[in-house]
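One file, run-v8.pdb, carrying PDB, C-alpha atoms:
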ATOM      1  CA  MET K   1       0.000   0.000   0.000
ATOM      2  CA  SER K   2       1.375   3.400  -0.956
ATOM      3  CA  ALA K   3       1.903   6.016   1.737
ATOM      4  CA  PRO K   4      -0.825   8.690   2.010
ATOM      5  CA  ARG K   5       0.030  11.898   0.245
ATOM      6  CA  SER K   6       0.536  15.117   2.147
ATOM      7  CA  LEU K   7      -1.971  17.972   1.917
ATOM      8  CA  PRO K   8       0.279  20.076  -0.399
ATOM      9  CA  SER K   9       0.614  17.065  -2.704
ATOM     10  CA  ARG K  10      -3.153  16.618  -2.845
ATOM     11  CA  VAL K  11      -3.685  20.321  -3.569
ATOM     12  CA  LEU K  12      -1.132  20.271  -6.396
ATOM     13  CA  ALA K  13      -2.692  17.115  -7.825
ATOM     14  CA  ALA K  14      -6.092  18.835  -7.894
ATOM     15  CA  LEU K  15      -4.618  21.881  -9.629
ATOM     16  CA  ARG K  16      -3.354  19.694 -12.463
ATOM     17  CA  SER K  17      -6.932  19.270 -13.634
ATOM     18  CA  PRO K  18      -7.489  21.573 -16.645
ATOM     19  CA  TRP K  19     -10.856  22.669 -15.210
ATOM     20  CA  VAL K  20      -9.292  23.684 -11.920
ATOM     21  CA  ARG K  21      -6.409  25.463 -13.676
ATOM     22  CA  TRP K  22      -8.674  27.599 -15.831
ATOM     23  CA  GLY K  23     -11.103  28.163 -12.958
ATOM     24  CA  PHE K  24      -8.256  29.467 -10.811
ATOM     25  CA  LEU K  25      -7.115  31.809 -13.575
ATOM     26  CA  VAL K  26     -10.632  33.152 -14.100
ATOM     27  CA  VAL K  27     -11.089  33.864 -10.366
ATOM     28  CA  ALA K  28      -7.685  35.557 -10.063
ATOM     29  CA  LEU K  29      -8.317  37.633 -13.188
ATOM     30  CA  ALA K  30     -11.731  38.708 -11.896
ATOM     31  CA  LEU K  31     -10.265  39.818  -8.550
ATOM     32  CA  ALA K  32      -7.553  41.857 -10.265
ATOM     33  CA  LEU K  33     -10.089  43.504 -12.588
ATOM     34  CA  TRP K  34     -12.352  44.253  -9.645
ATOM     35  CA  TYR K  35      -9.505  46.077  -7.914
ATOM     36  CA  VAL K  36      -8.925  48.284 -10.967
ATOM     37  CA  LEU K  37     -12.623  49.079 -11.439
ATOM     38  CA  ALA K  38     -13.129  49.797  -7.731
ATOM     39  CA  HIS K  39     -10.619  52.658  -7.966
ATOM     40  CA  ARG K  40     -11.458  54.012 -11.407
ATOM     41  CA  GLU K  41     -12.692  57.347 -10.004
ATOM     42  CA  ALA K  42      -9.376  58.011  -8.251
ATOM     43  CA  LEU K  43      -7.550  57.108 -11.433
ATOM     44  CA  LEU K  44      -9.636  59.574 -13.450
ATOM     45  CA  ARG K  45      -9.107  62.357 -10.889
ATOM     46  CA  ALA K  46      -5.358  61.869 -10.993
ATOM     47  CA  ALA K  47      -5.309  61.721 -14.785
ATOM     48  CA  ALA K  48      -7.090  65.072 -14.865
ATOM     49  CA  GLY K  49      -4.285  66.644 -12.832
ATOM     50  CA  LEU K  50      -1.409  65.071 -14.774
ATOM     51  CA  SER K  51      -0.108  65.833 -18.220
ATOM     52  CA  VAL K  52      -0.277  63.264 -21.017
ATOM     53  CA  ALA K  53       3.498  62.903 -20.851
ATOM     54  CA  GLU K  54       3.372  62.200 -17.096
ATOM     55  CA  VAL K  55       0.623  59.612 -17.505
ATOM     56  CA  ALA K  56       2.581  57.888 -20.288
ATOM     57  CA  LEU K  57       5.789  57.926 -18.221
ATOM     58  CA  VAL K  58       3.983  56.407 -15.221
ATOM     59  CA  GLY K  59       2.728  53.575 -17.433
ATOM     60  CA  VAL K  60       6.144  52.913 -18.978
ATOM     61  CA  LEU K  61       7.826  52.872 -15.573
ATOM     62  CA  GLY K  62       5.214  50.405 -14.353
ATOM     63  CA  VAL K  63       6.103  48.036 -17.179
ATOM     64  CA  LEU K  64       9.831  48.424 -16.461
ATOM     65  CA  TYR K  65       9.293  47.679 -12.776
ATOM     66  CA  VAL K  66       7.482  44.410 -13.471
ATOM     67  CA  TRP K  67      10.093  43.560 -16.131
ATOM     68  CA  CYS K  68      12.905  43.935 -13.564
ATOM     69  CA  THR K  69      10.978  41.660 -11.208
ATOM     70  CA  LEU K  70      10.611  39.094 -13.984
ATOM     71  CA  LEU K  71      14.338  39.194 -14.750
ATOM     72  CA  ALA K  72      15.214  38.735 -11.056
ATOM     73  CA  TRP K  73      13.051  35.592 -10.895
ATOM     74  CA  ARG K  74      14.432  34.351 -14.230
ATOM     75  CA  ALA K  75      18.007  34.708 -12.932
ATOM     76  CA  ILE K  76      17.132  32.546  -9.926
ATOM     77  CA  LEU K  77      15.428  29.911 -12.057
ATOM     78  CA  ALA K  78      18.468  29.756 -14.360
ATOM     79  CA  ASP K  79      20.759  29.389 -11.354
ATOM     80  CA  LEU K  80      18.656  26.449 -10.179
ATOM     81  CA  GLY K  81      19.171  24.732 -13.540
ATOM     82  CA  SER K  82      16.217  25.774 -15.717
ATOM     83  CA  PRO K  83      17.152  28.727 -17.927
ATOM     84  CA  LEU K  84      14.074  29.893 -19.811
ATOM     85  CA  PRO K  85      13.953  31.940 -23.015
ATOM     86  CA  LEU K  86      12.196  35.276 -22.652
ATOM     87  CA  ARG K  87       8.972  34.002 -24.252
ATOM     88  CA  GLY K  88       8.770  31.130 -21.810
ATOM     89  CA  ALA K  89       9.688  33.372 -18.875
ATOM     90  CA  VAL K  90       6.937  35.861 -19.754
ATOM     91  CA  ALA K  91       4.425  33.013 -20.061
ATOM     92  CA  VAL K  92       5.220  31.472 -16.680
ATOM     93  CA  PHE K  93       5.812  34.690 -14.749
ATOM     94  CA  GLY K  94       2.909  36.595 -16.306
ATOM     95  CA  ILE K  95       0.292  33.988 -15.436
ATOM     96  CA  SER K  96       1.736  33.339 -11.976
ATOM     97  CA  GLN K  97       1.304  37.009 -11.024
ATOM     98  CA  LEU K  98      -2.465  36.619 -11.124
ATOM     99  CA  GLY K  99      -2.075  34.431  -8.047
ATOM    100  CA  LYS K 100      -1.104  37.537  -6.047
ATOM    101  CA  TYR K 101      -4.698  38.716  -6.178
ATOM    102  CA  VAL K 102      -6.054  35.604  -4.461
ATOM    103  CA  PRO K 103      -5.850  35.842  -0.633
ATOM    104  CA  GLY K 104      -3.365  33.475   0.970
ATOM    105  CA  GLY K 105       0.019  34.634  -0.319
ATOM    106  CA  VAL K 106       0.997  31.299  -1.945
ATOM    107  CA  TRP K 107      -1.078  31.052  -5.093
ATOM    108  CA  ASN K 108       1.459  32.722  -7.368
ATOM    109  CA  VAL K 109       3.947  30.033  -6.300
ATOM    110  CA  VAL K 110       1.463  27.270  -7.068
ATOM    111  CA  ALA K 111       0.581  28.854 -10.411
ATOM    112  CA  ALA K 112       4.255  29.178 -11.365
ATOM    113  CA  ALA K 113       4.822  25.496 -10.593
ATOM    114  CA  GLU K 114       1.909  24.367 -12.755
ATOM    115  CA  VAL K 115       2.520  26.679 -15.723
ATOM    116  CA  GLY K 116       6.269  26.085 -15.563
ATOM    117  CA  ALA K 117       5.656  22.342 -15.873
ATOM    118  CA  GLY K 118       4.378  22.933 -19.379
ATOM    119  CA  HIS K 119       7.659  24.650 -20.242
ATOM    120  CA  GLY K 120       9.901  21.827 -19.103
ATOM    121  CA  VAL K 121      10.596  23.156 -15.605
ATOM    122  CA  PRO K 122      10.176  20.635 -12.752
ATOM    123  CA  ARG K 123       7.473  21.785 -10.381
ATOM    124  CA  ARG K 124       9.691  21.739  -7.316
ATOM    125  CA  ARG K 125      12.192  23.963  -9.137
ATOM    126  CA  SER K 126       9.523  26.468 -10.202
ATOM    127  CA  ALA K 127       8.164  26.660  -6.669
ATOM    128  CA  ALA K 128      11.649  27.048  -5.176
ATOM    129  CA  SER K 129      12.579  29.805  -7.656
ATOM    130  CA  MET K 130       9.437  31.801  -6.881
ATOM    131  CA  LEU K 131       9.968  31.491  -3.124
ATOM    132  CA  VAL K 132      13.608  32.557  -3.410
ATOM    133  CA  ALA K 133      12.595  35.474  -5.648
ATOM    134  CA  VAL K 134      10.119  36.627  -3.018
ATOM    135  CA  ALA K 135      12.788  36.371  -0.309
ATOM    136  CA  VAL K 136      15.194  38.435  -2.439
ATOM    137  CA  SER K 137      12.463  41.052  -2.962
ATOM    138  CA  VAL K 138      11.723  41.246   0.760
ATOM    139  CA  ALA K 139      15.396  41.588   1.701
ATOM    140  CA  SER K 140      16.216  44.153  -0.980
ATOM    141  CA  GLY K 141      12.951  46.018  -0.339
ATOM    142  CA  ALA K 142      13.650  46.332   3.366
ATOM    143  CA  ALA K 143      17.211  47.477   2.625
ATOM    144  CA  VAL K 144      16.128  50.067   0.057
ATOM    145  CA  GLY K 145      13.322  51.113   2.384
ATOM    146  CA  ALA K 146      15.895  52.095   4.991
ATOM    147  CA  VAL K 147      16.791  55.009   2.699
ATOM    148  CA  ALA K 148      13.506  56.631   3.716
ATOM    149  CA  LEU K 149      14.250  56.640   7.448
ATOM    150  CA  PRO K 150      16.355  59.847   7.509
ATOM    151  CA  PHE K 151      13.448  61.671   5.848
ATOM    152  CA  VAL K 152      10.590  60.282   7.942
ATOM    153  CA  SER K 153       9.960  60.851  11.626
ATOM    154  CA  ALA K 154      10.117  57.748  13.793
ATOM    155  CA  GLY K 155       6.408  57.995  14.567
ATOM    156  CA  ALA K 156       5.300  58.262  10.949
ATOM    157  CA  LEU K 157       5.699  54.566  10.206
ATOM    158  CA  GLY K 158       4.298  53.561  13.554
ATOM    159  CA  ALA K 159       3.810  49.834  13.889
ATOM    160  CA  TRP K 160       5.350  49.226  10.441
ATOM    161  CA  SER K 161       8.876  50.474  11.250
ATOM    162  CA  TRP K 162       9.859  46.892  12.187
ATOM    163  CA  VAL K 163       9.909  46.019   8.455
ATOM    164  CA  VAL K 164      13.276  47.759   8.035
ATOM    165  CA  TRP K 165      14.865  45.783  10.857
ATOM    166  CA  ALA K 166      13.730  42.501   9.326
ATOM    167  CA  ALA K 167      16.238  42.981   6.477
ATOM    168  CA  PRO K 168      19.329  41.533   8.257
ATOM    169  CA  VAL K 169      17.408  38.369   9.172
ATOM    170  CA  VAL K 170      16.245  37.824   5.591
ATOM    171  CA  VAL K 171      19.729  38.541   4.234
ATOM    172  CA  LEU K 172      21.136  35.870   6.548
ATOM    173  CA  VAL K 173      18.548  33.377   5.299
ATOM    174  CA  LEU K 174      19.513  34.215   1.703
ATOM    175  CA  ALA K 175      23.136  33.127   2.169
ATOM    176  CA  PRO K 176      23.414  30.082  -0.160
ATOM    177  CA  PRO K 177      24.597  27.643   2.565
ATOM    178  CA  VAL K 178      21.553  28.540   4.692
ATOM    179  CA  LEU K 179      19.107  28.962   1.810
ATOM    180  CA  ASN K 180      19.932  25.638   0.149
ATOM    181  CA  ARG K 181      19.502  23.831   3.454
ATOM    182  CA  LEU K 182      16.101  25.449   4.037
ATOM    183  CA  ILE K 183      14.960  24.546   0.511
ATOM    184  CA  GLY K 184      16.060  20.969   1.113
ATOM    185  CA  LEU K 185      14.087  20.805   4.360
ATOM    186  CA  ALA K 186      10.982  22.182   2.660
ATOM    187  CA  LEU K 187      11.240  19.657  -0.173
ATOM    188  CA  ARG K 188      11.646  16.781   2.248
ATOM    189  CA  ALA K 189       8.650  17.987   4.260
ATOM    190  CA  THR K 190       6.520  17.852   1.097
ATOM    191  CA  ARG K 191       8.065  14.516   0.021
ATOM    192  CA  ARG K 192       9.860  15.948  -3.003
ATOM    193  CA  ASP K 193      13.306  15.098  -4.337
ATOM    194  CA  ALA K 194      16.161  17.480  -3.606
ATOM    195  CA  LEU K 195      17.106  20.147  -6.147
ATOM    196  CA  GLU K 196      19.779  19.077  -8.626
ATOM    197  CA  HIS K 197      21.372  22.547  -8.711
ATOM    198  CA  PRO K 198      21.713  24.537  -5.463
ATOM    199  CA  MET K 199      21.665  28.334  -5.460
ATOM    200  CA  THR K 200      25.014  30.097  -5.919
ATOM    201  CA  TRP K 201      26.287  33.498  -4.831
ATOM    202  CA  GLY K 202      26.410  34.582  -8.476
ATOM    203  CA  GLY K 203      22.770  33.722  -9.114
ATOM    204  CA  LEU K 204      21.625  35.487  -5.967
ATOM    205  CA  GLY K 205      23.754  38.515  -6.832
ATOM    206  CA  ARG K 206      22.174  38.842 -10.280
ATOM    207  CA  ALA K 207      18.701  38.474  -8.837
ATOM    208  CA  ALA K 208      19.392  41.051  -6.130
ATOM    209  CA  ALA K 209      20.732  43.530  -8.703
ATOM    210  CA  TRP K 210      17.564  43.248 -10.802
ATOM    211  CA  SER K 211      15.433  43.499  -7.670
ATOM    212  CA  VAL K 212      17.122  46.708  -6.521
ATOM    213  CA  ALA K 213      16.781  48.123 -10.039
ATOM    214  CA  GLY K 214      13.075  47.344  -9.811
ATOM    215  CA  TRP K 215      12.714  49.253  -6.540
ATOM    216  CA  LEU K 216      14.441  52.268  -8.065
ATOM    217  CA  VAL K 217      12.098  52.193 -11.069
ATOM    218  CA  ALA K 218       9.031  51.802  -8.834
ATOM    219  CA  GLY K 219      10.212  54.710  -6.714
ATOM    220  CA  LEU K 220      10.699  56.813  -9.832
ATOM    221  CA  GLN K 221       7.145  56.018 -10.914
ATOM    222  CA  LEU K 222       5.715  57.105  -7.563
ATOM    223  CA  TRP K 223       7.941  60.196  -7.572
ATOM    224  CA  VAL K 224       6.648  61.257 -11.007
ATOM    225  CA  LEU K 225       3.071  60.798  -9.797
ATOM    226  CA  CYS K 226       3.637  62.743  -6.599
ATOM    227  CA  ALA K 227       5.502  65.526  -8.408
ATOM    228  CA  GLY K 228       2.526  65.917 -10.725
ATOM    229  CA  LEU K 229       0.293  66.265  -7.663
ATOM    230  CA  GLY K 230       2.420  68.853  -5.845
ATOM    231  CA  LEU K 231       5.482  67.122  -4.378
ATOM    232  CA  PRO K 232       8.707  69.136  -4.920
ATOM    233  CA  PRO K 233      10.826  67.169  -7.473
ATOM    234  CA  THR K 234      14.081  66.943  -5.509
ATOM    235  CA  ALA K 235      16.621  64.217  -4.732
ATOM    236  CA  ARG K 236      15.246  64.078  -1.184
ATOM    237  CA  THR K 237      11.700  63.391  -2.339
ATOM    238  CA  PHE K 238      12.946  60.775  -4.823
ATOM    239  CA  ALA K 239      14.663  58.929  -1.964
ATOM    240  CA  LEU K 240      11.492  59.293   0.076
ATOM    241  CA  ALA K 241       9.289  57.867  -2.687
ATOM    242  CA  THR K 242      11.681  55.004  -3.440
ATOM    243  CA  GLY K 243      12.232  54.003   0.161
ATOM    244  CA  GLY K 244       8.570  54.402   0.978
ATOM    245  CA  TRP K 245       7.450  52.214  -1.899
ATOM    246  CA  ALA K 246       9.927  49.461  -1.021
ATOM    247  CA  LEU K 247       8.862  49.523   2.643
ATOM    248  CA  ALA K 248       5.190  49.470   1.705
ATOM    249  CA  TRP K 249       5.615  46.517  -0.666
ATOM    250  CA  THR K 250       7.496  44.550   1.974
ATOM    251  CA  ALA K 251       4.861  45.236   4.623
ATOM    252  CA  GLY K 252       2.077  44.334   2.195
ATOM    253  CA  PHE K 253       3.719  41.045   1.291
ATOM    254  CA  LEU K 254       4.227  40.045   4.901
ATOM    255  CA  PHE K 255       0.535  40.683   5.573
ATOM    256  CA  VAL K 256      -0.543  37.591   3.629
ATOM    257  CA  LEU K 257      -4.281  37.968   4.258
ATOM    258  CA  ALA K 258      -4.488  40.965   1.915
ATOM    259  CA  PRO K 259      -4.587  40.105  -1.823
ATOM    260  CA  ALA K 260      -1.333  41.495  -3.276
ATOM    261  CA  GLY K 261      -0.953  43.570  -0.104
ATOM    262  CA  ALA K 262      -4.003  45.694  -0.936
ATOM    263  CA  GLY K 263      -4.742  48.236   1.787
ATOM    264  CA  VAL K 264      -1.576  47.609   3.793
ATOM    265  CA  ARG K 265       0.743  49.142   1.213
ATOM    266  CA  GLU K 266      -1.507  52.158   0.840
ATOM    267  CA  VAL K 267      -1.479  52.800   4.609
ATOM    268  CA  VAL K 268       2.313  52.551   4.851
ATOM    269  CA  LEU K 269       2.934  54.740   1.803
ATOM    270  CA  ALA K 270       0.482  57.373   2.959
ATOM    271  CA  ALA K 271       2.330  57.484   6.309
ATOM    272  CA  VAL K 272       5.686  57.932   4.566
ATOM    273  CA  LEU K 273       4.444  60.670   2.237
ATOM    274  CA  ALA K 274       2.234  62.484   4.753
ATOM    275  CA  GLY K 275       4.909  64.989   5.786
ATOM    276  CA  SER K 276       5.751  66.031   2.216
ATOM    277  CA  LEU K 277       2.450  65.803   0.340
ATOM    278  CA  ALA K 278      -1.055  66.794   1.371
ATOM    279  CA  GLY K 279      -3.137  63.894   2.664
ATOM    280  CA  PRO K 280      -5.629  63.634  -0.233
ATOM    281  CA  SER K 281      -2.880  63.941  -2.851
ATOM    282  CA  ALA K 282      -0.709  61.335  -1.117
ATOM    283  CA  GLY K 283      -3.561  58.871  -0.996
ATOM    284  CA  LEU K 284      -4.428  59.576  -4.620
ATOM    285  CA  ALA K 285      -0.848  59.018  -5.804
ATOM    286  CA  VAL K 286      -0.653  55.722  -3.907
ATOM    287  CA  LEU K 287      -3.923  54.461  -5.390
ATOM    288  CA  VAL K 288      -3.008  55.457  -8.925
ATOM    289  CA  SER K 289       0.398  53.779  -8.691
ATOM    290  CA  ARG K 290      -1.250  50.623  -7.413
ATOM    291  CA  VAL K 291      -3.933  50.599 -10.109
ATOM    292  CA  VAL K 292      -1.353  51.178 -12.862
ATOM    293  CA  LEU K 293       0.751  48.249 -11.618
ATOM    294  CA  THR K 294      -2.347  46.057 -11.447
ATOM    295  CA  VAL K 295      -3.097  46.914 -15.076
ATOM    296  CA  VAL K 296       0.514  46.042 -15.953
ATOM    297  CA  ASP K 297       0.146  42.707 -14.127
ATOM    298  CA  LEU K 298      -2.977  42.028 -16.175
ATOM    299  CA  ALA K 299      -1.110  42.892 -19.370
ATOM    300  CA  PHE K 300       1.728  40.499 -18.507
ATOM    301  CA  ALA K 301      -0.808  37.832 -17.566
ATOM    302  CA  GLY K 302      -2.567  38.338 -20.895
ATOM    303  CA  ALA K 303       0.718  38.008 -22.749
ATOM    304  CA  GLY K 304       1.518  34.894 -20.738
ATOM    305  CA  LEU K 305      -1.850  33.341 -21.515
ATOM    306  CA  LEU K 306      -1.449  34.041 -25.228
ATOM    307  CA  LEU K 307       2.056  32.587 -25.320
ATOM    308  CA  THR K 308       1.039  29.549 -23.284
ATOM    309  CA  ARG K 309      -2.153  28.983 -25.216
ATOM    310  CA  SER K 310      -0.354  29.255 -28.560
ATOM    311  CA  ALA K 311       2.074  26.591 -27.373
ATOM    312  CA  GLY K 312      -0.805  24.412 -26.157
ATOM    313  CA  ARG K 313       0.677  24.061 -22.684
ATOM    314  CA  ILE K 314      -2.380  24.576 -20.480
ATOM    315  CA  HIS K 315      -4.434  21.495 -21.176
ATOM    316  CA  ALA K 316      -4.846  17.967 -19.958
ATOM    317  CA  GLY K 317      -2.277  16.693 -22.381
ATOM    318  CA  SER K 318       0.703  18.495 -20.883
ATOM    319  CA  PRO K 319       3.693  16.159 -20.819
ATOM    320  CA  PRO K 320       4.148  14.515 -17.406
ATOM    321  CA  LEU K 321       7.056  15.792 -15.371
ATOM    322  CA  ARG K 322       8.545  14.707 -12.117
ATOM    323  CA  PRO K 323       6.884  16.684  -9.297
TER
END
Would you write the structure of this file as structure tokens?
Amino acid sequence: MSAPRSLPSRVLAALRSPWVRWGFLVVALALALWYVLAHREALLRAAAGLSVAEVALVGVLGVLYVWCTLLAWRAILADLGSPLPLRGAVAVFGISQLGKYVPGGVWNVVAAAEVGAGHGVPRRRSAASMLVAVAVSVASGAAVGAVALPFVSAGALGAWSWVVWAAPVVVLVLAPPVLNRLIGLALRATRRDALEHPMTWGGLGRAAAWSVAGWLVAGLQLWVLCAGLGLPPTARTFALATGGWALAWTAGFLFVLAPAGAGVREVVLAAVLAGSLAGPSAGLAVLVSRVVLTVVDLAFAGAGLLLTRSAGRIHAGSPPLRP
């Protein structure tokens, strides 16, 4: 008699059904669209106060931010032994990002494992790469967020100031000797084989570089928005916007009950910007930035679906791979 499968194994087995896969994608897509539509009035108000050039720049920077995040994850996946061409990377990463909009904080990892299987990536490797990418984002986000501290009073962040001090702990966990051991423990706990290629310092360094570049681009996007709404365009306010965005993203991720950190990130960013931008304008800039990035996520997901569908990789006939 075979040993009973663990709960994660049963969940993954259920997700391999084509009906469940497409149902999950439909639900995630609906939640992301709902978020955009729920804030359409704020988006229109901001657009009325910004020039066409500023609106276009905000959109372009949003795409660049997500692109940097994609390249950071792709560098990790390559380091683990599964280099993907850009088309395949867009397909897997784009669809997996819809999982962020489903409460629970793990669905993008599950989605990446299932979609990646259709592109020749073992599921355990896809899941490990997404988890490591998230850890790199948290560590680099907390580190970049520390830039904001000299420009924000200690009481402004309130209960969220602990996010900055979490950075050294995450950095320690990211050291390859520690990280590879933790991945091995997680795989054994879920009855999976060990990874064939452990993480290296070079792979983590490339991923961290792309991640930091992403935070700088995201900060630039928020800075452009805030400048259009009355924030003085100075080096100080750029550091404030960049550090504030990174801190807010990190706090939102750690609060797993909120889909894609919705609500939490807005509260943290508003606290960071409150001393430099009027309350209503700060809140408006935060909402617009979030809505724009949600639209970009939807665009990447759409591209991923088209690429995956054209390759016929989301259906019951996907080639079997080792879990």
Of the candidates K:Ala301, K:Leu307, K:Ile95, K:Val292, which one gets nearest to K:Leu37 if we count all atoms listed in the file?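 Checking each candidate against K:Leu37, we get K:Val292 as the closest.
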To one decimal in Å, tell me the separation between atom CA of K:Leu305 and atom CA of K:Ile76.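 Between atom CA of K:Leu305 and atom CA of K:Ile76 the gap is 22.3 Å.
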Rank nothing, just name the residue among K:Ala209, K:Val288, K:Leu225, K:Ala241 nearest to K:Ala133, using all atoms listed in the file. K:Ala209
Step by step, work through what the PyMOL selection byres ((chain K and resi 125) around 8) selects in the shown file, and finish by giving those residues as a PyMOL selection string. chain K and resi 77+80+82+113+121-124+126-129+195
Residues within 9 Å of K:Gly141, please, as a VMD selection string. Count all atoms listed in the file; anything in the same chain fewer than 6 positions from it doesn't count. chain K and resid 164 167 211 to 212 215 243 245 to 250
Which value, in Å to one decimal, gives the distance between atom CA of K:Ala282 and atom CA of K:Val138?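 If I compute the distance from atom CA of K:Ala282 to atom CA of K:Val138, I get 23.7 Å.
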Taking the file as shown, what set of residues would the PyMOL selection byres ((chain K and resi 58) around 12) give back, as an NGL selection string? :K and (46-47 or 50-57 or 59-65 or 217-228 or 285 or 288-293 or 295-296)
Could you please fill out stretch 63-77 of chain K with N, CA, C and O atoms and send it back as a compact mmCIF listing (two decimals), keeping the file's coordinate frame?
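Done, and the output landed in rebuild34.txt:
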# COMPACT_ATOMS: atom_id res chain seq x y z
N VAL K 63 5.68 49.20 -16.40
CA VAL K 63 6.10 48.04 -17.18
C VAL K 63 7.55 47.67 -16.86
O VAL K 63 7.89 46.49 -16.69
N LEU K 64 8.42 48.69 -16.75
CA LEU K 64 9.83 48.42 -16.46
C LEU K 64 10.01 47.80 -15.08
O LEU K 64 10.86 46.93 -14.89
N TYR K 65 9.21 48.23 -14.13
CA TYR K 65 9.29 47.68 -12.78
C TYR K 65 8.96 46.19 -12.79
O TYR K 65 9.70 45.36 -12.23
N VAL K 66 7.86 45.82 -13.41
CA VAL K 66 7.48 44.41 -13.47
C VAL K 66 8.52 43.62 -14.28
O VAL K 66 8.82 42.47 -13.96
N TRP K 67 9.07 44.23 -15.32
CA TRP K 67 10.09 43.56 -16.13
C TRP K 67 11.33 43.25 -15.29
O TRP K 67 11.91 42.16 -15.40
N CYS K 68 11.76 44.19 -14.45
CA CYS K 68 12.90 43.94 -13.56
C CYS K 68 12.60 42.79 -12.61
O CYS K 68 13.46 41.95 -12.33
N THR K 69 11.37 42.75 -12.10
CA THR K 69 10.98 41.66 -11.21
C THR K 69 11.03 40.32 -11.93
O THR K 69 11.48 39.31 -11.37
N LEU K 70 10.56 40.32 -13.17
CA LEU K 70 10.61 39.09 -13.98
C LEU K 70 12.05 38.63 -14.18
O LEU K 70 12.36 37.44 -14.06
N LEU K 71 12.95 39.57 -14.49
CA LEU K 71 14.34 39.19 -14.75
C LEU K 71 15.03 38.69 -13.48
O LEU K 71 15.91 37.82 -13.56
N ALA K 72 14.64 39.23 -12.32
CA ALA K 72 15.21 38.74 -11.06
C ALA K 72 14.81 37.28 -10.84
O ALA K 72 15.64 36.43 -10.49
N TRP K 73 13.53 36.98 -11.04
CA TRP K 73 13.05 35.59 -10.90
C TRP K 73 13.70 34.69 -11.94
O TRP K 73 14.11 33.56 -11.63
N ARG K 74 13.83 35.16 -13.16
CA ARG K 74 14.43 34.35 -14.23
C ARG K 74 15.89 34.02 -13.92
O ARG K 74 16.37 32.91 -14.21
N ALA K 75 16.61 34.96 -13.30
CA ALA K 75 18.01 34.71 -12.93
C ALA K 75 18.09 33.60 -11.89
O ALA K 75 18.98 32.75 -11.93
N ILE K 76 17.15 33.59 -10.95
CA ILE K 76 17.13 32.55 -9.93
C ILE K 76 16.81 31.19 -10.55
O ILE K 76 17.45 30.18 -10.24
N LEU K 77 15.81 31.16 -11.42
CA LEU K 77 15.43 29.91 -12.06
C LEU K 77 16.59 29.35 -12.88
O LEU K 77 16.84 28.14 -12.86
